[in-house]
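query.txt (compact mmCIF, C-alpha atoms)
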# COMPACT_ATOMS: atom_id res chain seq x y z
CA MET Y 175 94.62 106.29 37.29
CA ALA Y 176 95.09 105.84 41.00
CA GLU Y 177 98.39 104.83 42.48
CA ALA Y 178 98.76 101.26 43.58
CA PHE Y 179 99.44 99.99 47.09
CA GLN Y 180 100.11 96.61 48.62
CA PHE Y 181 97.02 94.61 49.55
CA GLU Y 182 96.99 91.34 51.45
CA LEU Y 183 94.06 89.13 52.25
CA VAL Y 184 94.83 86.32 54.66
CA SER Y 185 92.58 83.70 56.17
CA PRO Y 186 93.77 81.38 58.92
CA GLU Y 187 94.29 78.64 56.37
CA LYS Y 188 96.21 80.50 53.72
CA LEU Y 189 97.34 83.72 52.14
CA LEU Y 190 94.60 84.35 49.59
CA MET Y 191 95.87 87.39 47.87
CA SER Y 192 98.93 89.54 47.95
CA GLU Y 193 99.27 92.09 45.19
CA ALA Y 194 99.39 95.74 44.28
CA VAL Y 195 95.90 97.17 43.90
CA GLU Y 196 94.35 100.59 43.38
CA GLN Y 197 91.35 100.59 45.60
CA VAL Y 198 89.69 98.30 48.10
CA VAL Y 199 86.21 98.67 49.52
CA VAL Y 200 86.12 97.15 52.99
CA PRO Y 201 82.90 96.17 54.79
CA GLY Y 202 83.78 97.71 58.15
CA SER Y 203 81.55 96.97 61.11
CA GLU Y 204 80.70 100.68 61.36
CA GLY Y 205 80.04 100.97 57.65
CA ASP Y 206 81.76 100.27 54.37
CA PHE Y 207 84.80 102.31 53.51
CA ALA Y 208 87.18 102.52 50.59
CA ILE Y 209 90.94 102.51 50.96
CA LEU Y 210 93.23 104.26 48.50
CA LYS Y 211 96.97 104.76 48.63
CA GLY Y 212 98.00 107.17 51.37
CA HIS Y 213 95.14 106.37 53.71
CA ALA Y 214 95.62 107.31 57.35
CA PRO Y 215 96.44 104.31 59.54
CA VAL Y 216 93.22 102.68 60.61
CA MET Y 217 92.18 99.46 62.25
CA SER Y 218 88.68 98.18 61.93
CA THR Y 219 86.71 95.05 62.56
CA LEU Y 220 84.69 93.65 59.67
CA LYS Y 221 81.14 92.52 59.32
CA PRO Y 222 80.22 89.72 56.93
CA GLY Y 223 80.21 91.23 53.50
CA VAL Y 224 81.96 91.65 50.22
CA VAL Y 225 85.43 93.10 49.78
CA GLU Y 226 85.69 94.82 46.43
CA ILE Y 227 89.18 94.99 45.06
CA GLN Y 228 90.05 97.21 42.14
CA ILE Y 229 93.33 95.79 40.89
CA ASN Y 230 93.71 98.18 37.97
CA ASP Y 231 91.45 100.02 35.54
CA LYS Y 232 90.12 96.81 34.11
CA ASP Y 233 90.33 94.07 36.67
CA GLN Y 234 88.14 93.83 39.68
CA THR Y 235 87.75 91.02 42.18
CA ARG Y 236 85.02 90.55 44.72
CA ILE Y 237 85.56 88.34 47.72
CA PHE Y 238 83.09 87.42 50.40
CA VAL Y 239 84.48 87.59 53.92
CA ARG Y 240 82.86 86.45 57.12
CA GLY Y 241 84.01 88.67 59.90
CA GLY Y 242 87.58 89.59 60.53
CA PHE Y 243 89.80 92.52 60.83
CA ALA Y 244 91.40 95.14 58.58
CA GLU Y 245 94.57 97.08 59.18
CA ALA Y 246 95.44 99.90 56.80
CA GLY Y 247 98.51 102.07 56.52
CA PRO Y 248 99.63 104.68 53.96
CA ASP Y 249 101.04 102.07 51.61
CA ARG Y 250 99.44 98.81 52.59
CA LEU Y 251 96.21 97.17 53.64
CA THR Y 252 95.96 93.84 55.41
CA ILE Y 253 92.69 92.03 55.89
CA LEU Y 254 92.61 89.17 58.34
CA ALA Y 255 89.43 87.35 57.41
CA GLU Y 256 87.94 84.58 59.45
CA LYS Y 257 86.65 83.04 56.27
CA ALA Y 258 87.06 84.27 52.71
CA ILE Y 259 85.45 82.95 49.55
CA PRO Y 260 85.78 84.55 46.10
CA LEU Y 261 82.33 85.70 45.06
CA ASP Y 262 82.16 83.59 41.92
CA GLU Y 263 82.75 80.48 44.00
CA LEU Y 264 80.12 81.50 46.51
CA ASP Y 265 76.78 80.07 45.51
CA ALA Y 266 73.38 80.26 47.07
CA ASP Y 267 73.86 76.96 48.90
CA ALA Y 268 77.01 78.08 50.66
CA LEU Y 269 75.29 81.26 51.76
CA THR Y 270 72.25 79.38 52.99
CA GLN Y 271 74.61 77.23 55.00
CA GLU Y 272 76.22 80.33 56.49
CA ILE Y 273 72.81 81.71 57.38
CA GLN Y 274 71.88 78.46 59.03
CA ASN Y 275 75.06 78.57 61.09
CA ALA Y 276 74.33 82.16 62.06
CA GLU Y 277 70.80 81.22 63.11
CA GLU Y 278 72.21 78.49 65.31
CA ASP Y 279 74.57 81.03 66.83
CA VAL Y 280 71.61 83.25 67.69
CA ASN Y 281 69.76 80.36 69.29
CA ASP Y 282 72.79 79.13 71.19
CA ALA Y 283 73.74 82.54 72.52
CA LYS Y 284 74.02 82.59 76.28
CA SER Y 285 74.00 86.32 76.96
CA ASP Y 286 72.13 89.18 75.34
CA GLU Y 287 75.36 90.71 74.19
CA VAL Y 288 76.39 87.60 72.29
CA ARG Y 289 72.89 87.23 70.87
CA ASP Y 290 72.94 90.83 69.65
CA LYS Y 291 76.19 90.22 67.85
CA ALA Y 292 74.98 87.00 66.27
CA GLN Y 293 71.75 88.67 65.23
CA THR Y 294 73.61 91.47 63.45
CA GLN Y 295 75.65 88.89 61.61
CA LEU Y 296 72.51 87.05 60.62
CA ASP Y 297 70.77 90.19 59.40
CA ARG Y 298 73.76 91.15 57.38
CA LEU Y 299 73.98 87.72 55.76
CA LYS Y 300 70.30 87.84 54.85
CA GLU Y 301 70.77 91.25 53.28
CA LEU Y 302 73.58 89.84 51.27
CA GLN Y 303 71.50 86.93 50.10
CA VAL Y 304 68.83 89.29 48.86
CA SER Y 305 71.32 91.47 47.02
CA LEU Y 306 72.89 88.60 45.14
CA MET P 160 118.44 25.26 66.37
CA PRO P 161 115.42 26.24 64.27
CA SER P 162 114.66 24.04 61.30
CA LEU P 163 115.11 25.27 57.75
CA LYS P 164 111.38 25.63 57.31
CA ASP P 165 111.06 27.76 60.44
CA LEU P 166 113.80 30.05 59.19
CA ARG P 167 112.17 30.37 55.79
CA ASN P 168 108.89 31.33 57.42
CA ARG P 169 110.54 33.91 59.62
CA ILE P 170 112.34 35.51 56.71
CA ALA P 171 109.06 35.72 54.81
CA SER P 172 107.28 37.32 57.76
CA VAL P 173 110.00 39.90 58.36
CA LYS P 174 109.94 40.73 54.67
CA ALA P 175 106.20 41.32 54.84
CA THR P 176 106.67 43.61 57.84
CA GLN P 177 109.37 45.49 56.00
CA LYS P 178 107.02 46.09 53.10
CA ILE P 179 104.44 47.56 55.44
CA THR P 180 106.87 49.87 57.22
CA LYS P 181 108.29 50.97 53.89
CA ALA P 182 104.81 51.81 52.61
CA MET P 183 103.99 53.66 55.82
CA GLN P 184 107.16 55.66 55.50
CA MET P 185 106.25 56.74 52.01
CA VAL P 186 102.70 57.63 53.01
CA ALA P 187 104.06 59.67 55.92
CA ALA P 188 106.44 61.47 53.56
CA ALA P 189 103.57 62.46 51.27
CA LYS P 190 101.41 63.53 54.20
CA LEU P 191 104.29 65.44 55.69
CA ARG P 192 104.64 67.52 52.59
CA ARG P 193 100.97 68.40 52.73
CA ALA P 194 101.05 69.14 56.45
CA GLN P 195 104.11 71.28 56.03
CA SER P 196 102.58 73.39 53.30
CA ALA P 197 99.42 73.81 55.39
CA ALA P 198 101.53 74.98 58.31
CA GLU P 199 103.36 77.40 56.08
CA ALA P 200 100.14 78.72 54.57
CA ALA P 201 98.81 79.49 58.02
CA ARG P 202 101.87 81.41 59.07
CA PRO P 203 101.07 84.84 57.53
CA TYR P 204 97.76 85.07 59.37
CA ALA P 205 99.29 84.27 62.72
CA GLU P 206 102.14 86.71 62.09
CA ARG P 207 99.80 89.55 61.17
CA MET P 208 97.72 88.75 64.20
CA ASP P 209 100.81 89.03 66.40
CA ASP P 210 101.68 92.37 64.80
CA VAL P 211 98.23 93.78 65.31
CA LEU P 212 98.08 92.54 68.89
CA ALA P 213 101.48 94.04 69.61
CA ASN P 214 100.29 97.34 68.17
CA LEU P 215 97.14 97.29 70.22
CA ALA P 216 98.97 96.25 73.35
CA THR P 217 101.30 99.22 73.01
CA ALA P 218 98.38 101.52 72.27
CA LEU P 219 96.45 100.33 75.28
CA GLY P 220 99.53 99.72 77.40
CA GLY P 221 98.91 99.75 81.12
CA GLN P 222 95.30 100.84 80.92
CA ASP P 223 92.86 99.63 83.51
CA GLY P 224 90.03 97.37 82.59
CA ALA P 225 91.97 95.52 79.95
CA SER P 226 90.48 92.19 79.02
CA PRO P 227 91.27 89.36 81.43
CA LEU P 228 92.36 87.36 78.39
CA MET P 229 95.25 89.80 78.12
CA VAL P 230 96.19 90.49 81.72
CA GLY P 231 94.84 87.38 83.43
CA THR P 232 92.44 87.01 86.31
CA GLY P 233 95.03 88.16 88.79
CA ARG P 234 95.35 84.64 90.19
CA ASP P 235 97.11 81.53 89.05
CA ASP P 236 95.47 78.85 91.16
CA VAL P 237 93.89 76.73 88.49
CA HIS P 238 95.85 75.72 85.42
CA LEU P 239 94.35 74.31 82.26
CA LEU P 240 96.72 72.29 80.11
CA VAL P 241 95.67 71.69 76.54
CA ILE P 242 97.74 68.74 75.40
CA CYS P 243 97.85 68.06 71.67
CA SER P 244 98.93 64.61 70.57
CA SER P 245 98.31 62.36 67.61
CA GLU P 246 95.36 60.10 66.86
CA ARG P 247 97.45 57.24 65.58
CA GLY P 248 100.45 55.44 66.94
CA LEU P 249 103.56 54.11 65.23
CA CYS P 250 105.24 57.46 65.22
CA GLY P 251 108.24 56.83 67.46
CA GLY P 252 108.58 58.89 70.60
CA PHE P 253 106.32 61.66 69.33
CA ASN P 254 103.48 61.33 71.83
CA THR P 255 105.68 60.19 74.66
CA SER P 256 107.87 63.26 74.47
CA ILE P 257 104.90 65.64 74.52
CA VAL P 258 103.35 63.76 77.41
CA ARG P 259 106.65 63.69 79.28
CA LEU P 260 106.91 67.48 79.07
CA ALA P 261 103.30 67.82 80.21
CA LYS P 262 103.82 65.40 83.10
CA THR P 263 106.85 67.33 84.34
CA ARG P 264 104.75 70.48 84.27
CA ILE P 265 101.85 68.82 86.06
CA ARG P 266 104.14 67.60 88.85
CA GLU P 267 105.69 71.06 89.20
CA LEU P 268 102.28 72.65 89.47
CA GLN P 269 101.11 70.03 91.94
CA THR P 270 104.08 70.53 94.24
CA ALA P 271 103.39 74.27 94.08
CA GLY P 272 99.88 73.48 95.31
CA LYS P 273 98.04 74.52 92.15
CA LYS P 274 95.02 72.81 90.73
CA VAL P 275 95.47 71.24 87.32
CA LYS P 276 92.89 70.50 84.66
CA ILE P 277 93.68 68.72 81.44
CA LEU P 278 92.08 68.99 78.04
CA CYS P 279 93.35 66.29 75.71
CA VAL P 280 93.39 66.76 71.98
CA GLY P 281 94.08 63.45 70.30
CA LYS P 282 93.65 59.92 71.52
CA LYS P 283 97.23 58.84 72.07
CA GLY P 284 98.05 61.52 74.60
CA HIS P 285 94.87 60.73 76.47
CA ASP P 286 95.77 57.03 76.59
CA GLN P 287 99.06 57.83 78.25
CA LEU P 288 97.74 60.48 80.61
CA LYS P 289 94.68 58.69 81.87
CA ARG P 290 96.77 56.09 83.68
CA GLU P 291 98.07 58.66 86.08
CA PHE P 292 95.88 61.71 85.89
CA ALA P 293 92.44 60.36 85.00
CA THR P 294 90.69 62.58 87.54
CA MET P 295 92.11 65.78 86.09
CA ILE P 296 91.09 65.19 82.51
CA ILE P 297 88.01 67.26 81.85
CA ASP P 298 87.54 66.43 78.19
CA VAL P 299 89.03 64.71 75.17
CA VAL P 300 88.78 66.22 71.72
CA ASP P 301 88.63 63.59 69.04
CA LEU P 302 90.03 64.55 65.65
CA ARG P 303 90.12 61.02 64.26
CA GLU P 304 87.44 61.64 61.69
CA ILE P 305 89.21 64.68 60.32
CA LYS P 306 91.63 64.14 57.50
CA ARG P 307 92.89 67.65 57.37
CA VAL P 308 92.74 70.01 60.28
CA GLY P 309 90.72 73.08 59.39
CA PHE P 310 90.34 76.33 61.23
CA GLU P 311 86.85 75.22 62.30
CA ASN P 312 88.36 72.43 64.39
CA ALA P 313 90.71 74.83 66.12
CA GLN P 314 87.86 77.26 66.62
CA ALA P 315 85.75 74.58 68.28
CA ILE P 316 88.54 73.90 70.77
CA GLY P 317 89.09 77.64 71.19
CA THR P 318 85.43 78.20 72.00
CA GLN P 319 85.52 75.43 74.56
CA VAL P 320 88.57 76.95 76.22
CA LEU P 321 86.99 80.41 76.23
CA ASP P 322 83.74 79.09 77.69
CA LEU P 323 85.67 77.47 80.50
CA PHE P 324 87.54 80.71 81.06
CA GLU P 325 84.37 82.76 81.20
CA ASN P 326 82.90 80.39 83.73
CA GLY P 327 85.99 80.91 85.85
CA GLU P 328 87.11 77.32 85.52
CA PHE P 329 90.76 78.21 85.19
CA ASP P 330 93.19 81.11 85.45
CA VAL P 331 96.06 80.14 83.20
CA CYS P 332 95.94 78.08 80.03
CA THR P 333 98.97 76.44 78.49
CA LEU P 334 99.15 74.65 75.19
CA PHE P 335 101.41 71.64 74.69
CA TYR P 336 102.43 70.54 71.23
CA ALA P 337 105.48 69.48 69.23
CA ARG P 338 107.10 72.20 67.17
CA PHE P 339 108.27 70.97 63.82
CA GLN P 340 111.93 71.68 63.29
CA SER P 341 112.94 69.00 60.84
CA ILE P 342 112.07 65.45 59.94
CA ILE P 343 114.38 64.11 62.59
CA SER P 344 113.72 66.68 65.26
CA GLN P 345 110.42 67.77 66.72
CA ILE P 346 110.57 69.85 69.84
CA PRO P 347 107.88 69.45 72.49
CA THR P 348 106.84 72.99 73.34
CA ASP P 349 104.60 74.69 75.86
CA LEU P 350 102.92 77.96 75.03
CA GLN P 351 100.83 80.04 77.36
CA ILE P 352 97.72 81.28 75.58
CA VAL P 353 95.66 82.68 78.45
CA PRO P 354 96.56 85.26 79.54
CA ALA P 355 98.16 86.01 76.22
CA SER P 356 101.90 85.98 76.51
CA PRO P 357 102.76 89.52 75.45
CA PRO P 358 103.66 89.45 71.78
CA GLU P 359 107.01 91.07 71.26
CA ALA P 360 106.63 94.64 70.16
CA GLY P 361 107.20 94.88 66.42
CA GLY P 362 110.82 95.29 65.45
CA ASP P 363 109.76 98.17 63.27
CA ALA P 364 109.58 101.01 65.74
CA SER P 365 107.85 103.45 63.43
CA ASP P 366 105.16 100.86 62.82
CA SER P 367 104.11 100.43 66.40
CA ASN P 368 104.23 104.14 67.08
CA SER P 369 102.05 105.24 64.22
CA ALA P 370 98.79 106.65 65.49
CA TYR P 371 96.04 104.37 64.37
CA GLU P 372 92.45 105.30 64.11
CA TYR P 373 90.30 102.62 65.61
CA GLU P 374 86.90 101.70 64.43
CA PRO P 375 85.17 100.78 66.75
CA ASP P 376 87.42 101.81 69.67
CA GLU P 377 90.53 99.99 70.87
CA SER P 378 88.98 98.04 73.67
CA GLU P 379 86.22 96.72 71.46
CA ILE P 380 88.66 95.64 68.80
CA LEU P 381 90.78 93.98 71.42
CA ALA P 382 87.74 92.23 72.87
CA ASP P 383 87.03 90.92 69.40
CA LEU P 384 90.59 90.02 68.65
CA LEU P 385 91.72 88.23 71.79
CA PRO P 386 89.28 85.31 71.60
CA ARG P 387 90.20 84.93 67.97
CA ASN P 388 93.85 84.90 68.91
CA VAL P 389 93.25 81.90 71.15
CA SER P 390 91.79 79.96 68.23
CA VAL P 391 94.62 81.04 65.96
CA GLN P 392 97.23 79.87 68.44
CA ILE P 393 95.47 76.53 68.79
CA PHE P 394 95.20 76.23 65.03
CA ARG P 395 98.87 76.90 64.64
CA ALA P 396 99.70 74.31 67.29
CA LEU P 397 97.49 71.72 65.59
CA LEU P 398 99.16 72.28 62.25
CA GLU P 399 102.66 72.15 63.70
CA ASN P 400 101.66 69.03 65.54
CA ALA P 401 100.34 67.38 62.39
CA ALA P 402 103.58 68.11 60.56
CA SER P 403 105.63 66.88 63.50
CA GLU P 404 103.60 63.70 63.74
CA GLN P 405 104.21 62.83 60.13
CA GLY P 406 107.89 63.70 60.46
CA ALA P 407 108.23 61.51 63.53
CA ARG P 408 106.38 58.68 61.83
CA MET P 409 108.57 58.99 58.77
CA SER P 410 111.80 58.65 60.69
CA ALA P 411 110.37 55.91 62.92
CA MET P 412 109.30 53.91 59.87
CA ASP P 413 112.62 54.54 58.18
CA ASN P 414 114.34 53.02 61.21
CA ALA P 415 111.94 50.11 61.25
CA THR P 416 112.58 49.40 57.58
CA ARG P 417 116.31 49.46 58.14
CA ASN P 418 116.07 47.18 61.18
CA ALA P 419 113.94 44.75 59.21
CA GLY P 420 116.60 44.76 56.48
CA GLU P 421 119.32 43.94 58.99
CA MET P 422 117.22 41.18 60.46
CA ILE P 423 116.59 39.68 57.04
CA ASP P 424 120.32 39.70 56.31
CA GLY P 425 121.06 37.95 59.59
CA LEU P 426 118.37 35.36 59.11
CA THR P 427 119.39 34.65 55.52
CA LEU P 428 122.95 34.07 56.66
CA GLN P 429 121.76 31.69 59.32
CA TYR P 430 119.49 29.94 56.84
CA ASN P 431 122.29 29.41 54.31
CA ARG P 432 124.70 28.17 56.95
CA SER P 433 122.32 25.59 58.31
CA ARG P 434 121.37 24.51 54.79
CA GLN P 435 125.06 23.97 53.99
CA ALA P 436 125.59 22.14 57.27
CA GLN P 437 122.73 19.84 56.45
CA ILE P 438 124.09 19.04 52.98
CA THR P 439 127.52 18.35 54.41
CA LYS P 440 125.98 16.10 57.01
CA GLU P 441 124.07 14.12 54.40
CA LEU P 442 127.22 13.74 52.27
CA ILE P 443 129.20 12.43 55.21
CA GLU P 444 126.45 9.95 55.96
CA ILE P 445 126.41 8.65 52.36
CA ILE P 446 130.20 8.43 52.12
CA SER P 447 130.62 6.70 55.45
CA GLY P 448 127.78 4.34 54.47
CA ALA P 449 129.57 3.49 51.21
CA GLU P 450 132.87 2.92 53.01
CA ALA P 451 131.30 0.49 55.43
CA LEU P 452 130.25 -1.78 52.60
Just give me the structure as structure tokens.
Amino acid sequence: MAEAFQFELVSPEKLLMSEAVEQVVVPGSEGDFAILKGHAPVMSTLKPGVVEIQINDKDQTRIFVRGGFAEAGPDRLTILAEKAIPLDELDADALTQEIQNAEEDVNDAKSDEVRDKAQTQLDRLKELQVSL
Amino acid sequence: MPSLKDLRNRIASVKATQKITKAMQMVAAAKLRRAQSAAEAARPYAERMDDVLANLATALGGQDGASPLMVGTGRDDVHLLVICSSERGLCGGFNTSIVRLAKTRIRELQTAGKKVKILCVGKKGHDQLKREFATMIIDVVDLREIKRVGFENAQAIGTQVLDLFENGEFDVCTLFYARFQSIISQIPTDLQIVPASPPEAGGDASDSNSAYEYEPDESEILADLLPRNVSVQIFRALLENAASEQGARMSAMDNATRNAGEMIDGLTLQYNRSRQAQITKELIEIISGAEAL
């Protein structure tokens, strides 16, 4: 059994989760990574994806986040998510809506750089839709 | 001297008004509770954001090529004032006090020879400002349709501000809103959001000194974080403003209800006196009539 550490998930609107957990898999923009207790301090941006939270041996929660930011220390992990929806509340419609928004972002983009970013988001969302 | 009927009508009308103000006060109290909890729920995010920014600012401290959102454009010729006010009236001096603070600032900037642009959020502030500064107002954000301010609304305003900044439309951006202190006191506040006023370095020294690994690198994270910070600050201001508005309305309506009560008391007294006077008069007339016979 892994040791527990403090995990917080906050969105601009509210504090979604604040409890002791064993392991969290974070969808970092450079690739997914798992955080356990005693992790070296790291800061990473997030891509749209699923945060997997292992609360203890039995309980697991999966939460969809749309972009954001993670800050980890030896005994805590804070995720600042732009938007966070528990996976069981996320249905196909909501995701389709997200994809539509992302497509609009791509079309509205003024510079290549912004378009690139929006495109990556879109691709990632589509991937997610397939995997669900 | 108003007739008895006139007095009766007036009492009835004041009573009706009192009922309305009383109802409005209770509605404001319920809304205030909701607005307050929304403002409280948003606090952790903004606090974490400040922490992270402080950490990054220390990590990147004094480096060249930092984002203009952080260090500014190096000029302060054009000022953008984002003025948050309410959509509805009947909330006492709420809008007036925000607008007064903004006006003082505008005059200061004008005497210093700076150019001022105004972005109004909310109808009431715009109504007051357009009398004097119509030419400076570049846009009005209408939140009337929105029952509860969401992060999307703040983000929309944030994006607009950032677009203007990227196009070089302004150098310094200041946000005006009323900070909620208590039901009877809301403090009009100005907050500079571009360039970001340096968040105070975390009180926990070991925290800010710990060597973070950055993924991707610091400047990219900062580039991602700073625009978001603008939206977060605006969101926080909107929420504080919503709570303040309801607080101001609640105390304004409480006053109105009390004033109506006093007025009713006064009018009732007057009504009873003139009724008694009339009865006395009639009696005298009858008695003197009987005596004459």
Contact residues around Gln392 in chain P with all atoms listed in the file at 8 Å, ignoring same-chain residues under 4 positions, as a VMD selection string:
chain P and resid 205 352 388 396
So which residues touch range 344-347 of chain P within 10 Å, counting only C-alpha atoms, skipping near sequence neighbours fewer than 3 positions away, as a ChimeraX atom specification?
/P:252-261,335-341,399-400,402-404,406-407,410
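Compared by their closest atoms to Val198 in chain Y, and using only C-alpha atoms, the residues Y:Gln303, Y:Gln180, Y:Ser185, Y:Gln228 rank with Y:Gln228 nearest.
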Check which residues of chain Y sit at most 10 Å from chain P using all atoms listed in the file, and return one row each with the closest pair of atoms and their distance in Å to one decimal, ordered by chain and rising number, as JSON lines.
{"residue": "Y:Glu182", "atom": "CA", "partner": "P:Pro203", "partner_atom": "CA", "distance": 9.8}
{"residue": "Y:Leu183", "atom": "CA", "partner": "P:Tyr204", "partner_atom": "CA", "distance": 9.0}
{"residue": "Y:Val184", "atom": "CA", "partner": "P:Tyr204", "partner_atom": "CA", "distance": 5.7}
{"residue": "Y:Ser185", "atom": "CA", "partner": "P:Tyr204", "partner_atom": "CA", "distance": 6.2}
{"residue": "Y:Pro186", "atom": "CA", "partner": "P:Tyr204", "partner_atom": "CA", "distance": 5.5}
{"residue": "Y:Glu187", "atom": "CA", "partner": "P:Ala201", "partner_atom": "CA", "distance": 4.9}
{"residue": "Y:Lys188", "atom": "CA", "partner": "P:Ala200", "partner_atom": "CA", "distance": 4.4}
{"residue": "Y:Leu189", "atom": "CA", "partner": "P:Ala200", "partner_atom": "CA", "distance": 6.2}
{"residue": "Y:Leu190", "atom": "CA", "partner": "P:Ala200", "partner_atom": "CA", "distance": 9.3}
{"residue": "Y:Gly202", "atom": "CA", "partner": "P:Glu374", "partner_atom": "CA", "distance": 8.1}
{"residue": "Y:Ser203", "atom": "CA", "partner": "P:Pro375", "partner_atom": "CA", "distance": 7.7}
{"residue": "Y:Glu204", "atom": "CA", "partner": "P:Glu374", "partner_atom": "CA", "distance": 7.0}
{"residue": "Y:Gly205", "atom": "CA", "partner": "P:Glu374", "partner_atom": "CA", "distance": 9.7}
{"residue": "Y:Ala214", "atom": "CA", "partner": "P:Tyr371", "partner_atom": "CA", "distance": 7.6}
{"residue": "Y:Pro215", "atom": "CA", "partner": "P:Tyr371", "partner_atom": "CA", "distance": 4.8}
{"residue": "Y:Val216", "atom": "CA", "partner": "P:Glu372", "partner_atom": "CA", "distance": 4.4}
{"residue": "Y:Met217", "atom": "CA", "partner": "P:Tyr373", "partner_atom": "CA", "distance": 5.0}
{"residue": "Y:Ser218", "atom": "CA", "partner": "P:Glu374", "partner_atom": "CA", "distance": 4.7}
{"residue": "Y:Thr219", "atom": "CA", "partner": "P:Ile380", "partner_atom": "CA", "distance": 6.6}
{"residue": "Y:Leu220", "atom": "CA", "partner": "P:Glu374", "partner_atom": "CA", "distance": 9.6}
{"residue": "Y:Gly242", "atom": "CA", "partner": "P:Leu384", "partner_atom": "CA", "distance": 8.7}
{"residue": "Y:Phe243", "atom": "CA", "partner": "P:Leu384", "partner_atom": "CA", "distance": 8.2}
{"residue": "Y:Ala244", "atom": "CA", "partner": "P:Val211", "partner_atom": "CA", "distance": 9.7}
{"residue": "Y:Glu245", "atom": "CA", "partner": "P:Val211", "partner_atom": "CA", "distance": 7.9}
{"residue": "Y:Ala246", "atom": "CA", "partner": "P:Tyr371", "partner_atom": "CA", "distance": 8.8}
{"residue": "Y:Gly247", "atom": "CA", "partner": "P:Tyr371", "partner_atom": "CA", "distance": 8.5}
{"residue": "Y:Thr252", "atom": "CA", "partner": "P:Arg207", "partner_atom": "CA", "distance": 8.1}
{"residue": "Y:Ile253", "atom": "CA", "partner": "P:Arg207", "partner_atom": "CA", "distance": 9.2}
{"residue": "Y:Leu254", "atom": "CA", "partner": "P:Tyr204", "partner_atom": "CA", "distance": 6.7}
{"residue": "Y:Ala255", "atom": "CA", "partner": "P:Tyr204", "partner_atom": "CA", "distance": 8.9}
{"residue": "Y:Glu256", "atom": "CA", "partner": "P:Phe310", "partner_atom": "CA", "distance": 8.8}
{"residue": "Y:Lys257", "atom": "CA", "partner": "P:Phe310", "partner_atom": "CA", "distance": 9.1}
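Across the structure, CA of Asp206 in chain Y and CA of Glu263 in chain Y are spaced 22.4 Å apart.
Proximity to Gly317 in chain P was assessed for P:Ile423, P:Arg417, P:Ser378, P:Ile393 counting only C-alpha atoms; the smallest distance is recorded for P:Ile393.
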Could you give me, as a list in words, the residues within 9 Å of range 264-279 of chain Y, counting only C-alpha atoms and dropping anything in the same chain fewer than 6 positions from it?
Ile237, Phe238, Val288, Arg289, Ala292, Gln293, Gln295, Leu296, Asp297, Leu299, Lys300, Leu302, Gln303 and Leu306 of chain Y
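One distance worth recording is that between CA of Leu191 in chain P and CA of Arg264 in chain P, which is 29.0 Å.
Taking CA of Lys221 in chain Y and CA of Arg250 in chain Y as the two end points, the separation is 20.5 Å.
Applying the 8 Å criterion to (106.2, 55.2, 65.6) in file coordinates and using all atoms listed in the file, one obtains the residues Gly248, Leu249, Cys250, Gly251, Gly252, Phe253, Ala407, Arg408, Ala411 and Met412 of chain P.
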With C-alpha atoms retained, could you export that selection as a PDB file, keeping the file's coordinate frame?
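Result written to result_9.pdb:
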ATOM      1  CA  GLY P 248     100.450  55.440  66.940  1.00  0.00           C
ATOM      2  CA  LEU P 249     103.560  54.110  65.230  1.00  0.00           C
ATOM      3  CA  CYS P 250     105.240  57.460  65.220  1.00  0.00           C
ATOM      4  CA  GLY P 251     108.240  56.830  67.460  1.00  0.00           C
ATOM      5  CA  GLY P 252     108.580  58.890  70.600  1.00  0.00           C
ATOM      6  CA  PHE P 253     106.320  61.660  69.330  1.00  0.00           C
ATOM      7  CA  ALA P 407     108.230  61.510  63.530  1.00  0.00           C
ATOM      8  CA  ARG P 408     106.380  58.680  61.830  1.00  0.00           C
ATOM      9  CA  ALA P 411     110.370  55.910  62.920  1.00  0.00           C
ATOM     10  CA  MET P 412     109.300  53.910  59.870  1.00  0.00           C
TER      11      MET P 412
END
Shell around range 178-183 of chain P at 8 Å using only C-alpha atoms, local window under 5 positions removed, as JSON, numbers by chain
{"P": [409, 412, 413, 415, 416]}
Within 7 Å of Val200 in chain Y, counting all atoms listed in the file, which residues show up once you throw out same-chain ones fewer than 6 positions away? Write them as a PyMOL selection string, please.
chain Y and resi 206-208+225-226
Nearest to Asn312 in chain P by atom-to-atom distance, counting all atoms listed in the file, from P:Val331, P:Val280, P:Asp286, P:Thr263:
P:Val280
Between P:Asp349, P:Glu291, P:Asp210, P:Asp322, single out the one closest to Val241 in chain P, counting all atoms listed in the file.
P:Asp349
Polymer residues at most 7 Å from (88.9, 67.1, 79.3) by all atoms listed in the file, as a list of chain:residue names
P:Ile277, P:Leu278, P:Cys279, P:Ile296, P:Ile297, P:Asp298, P:Val299
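Counting all atoms listed in the file, the residue from Y:Arg240, Y:Lys211, Y:Lys284, Y:Lys291 that sits nearest to Gly223 in chain Y is Y:Arg240.
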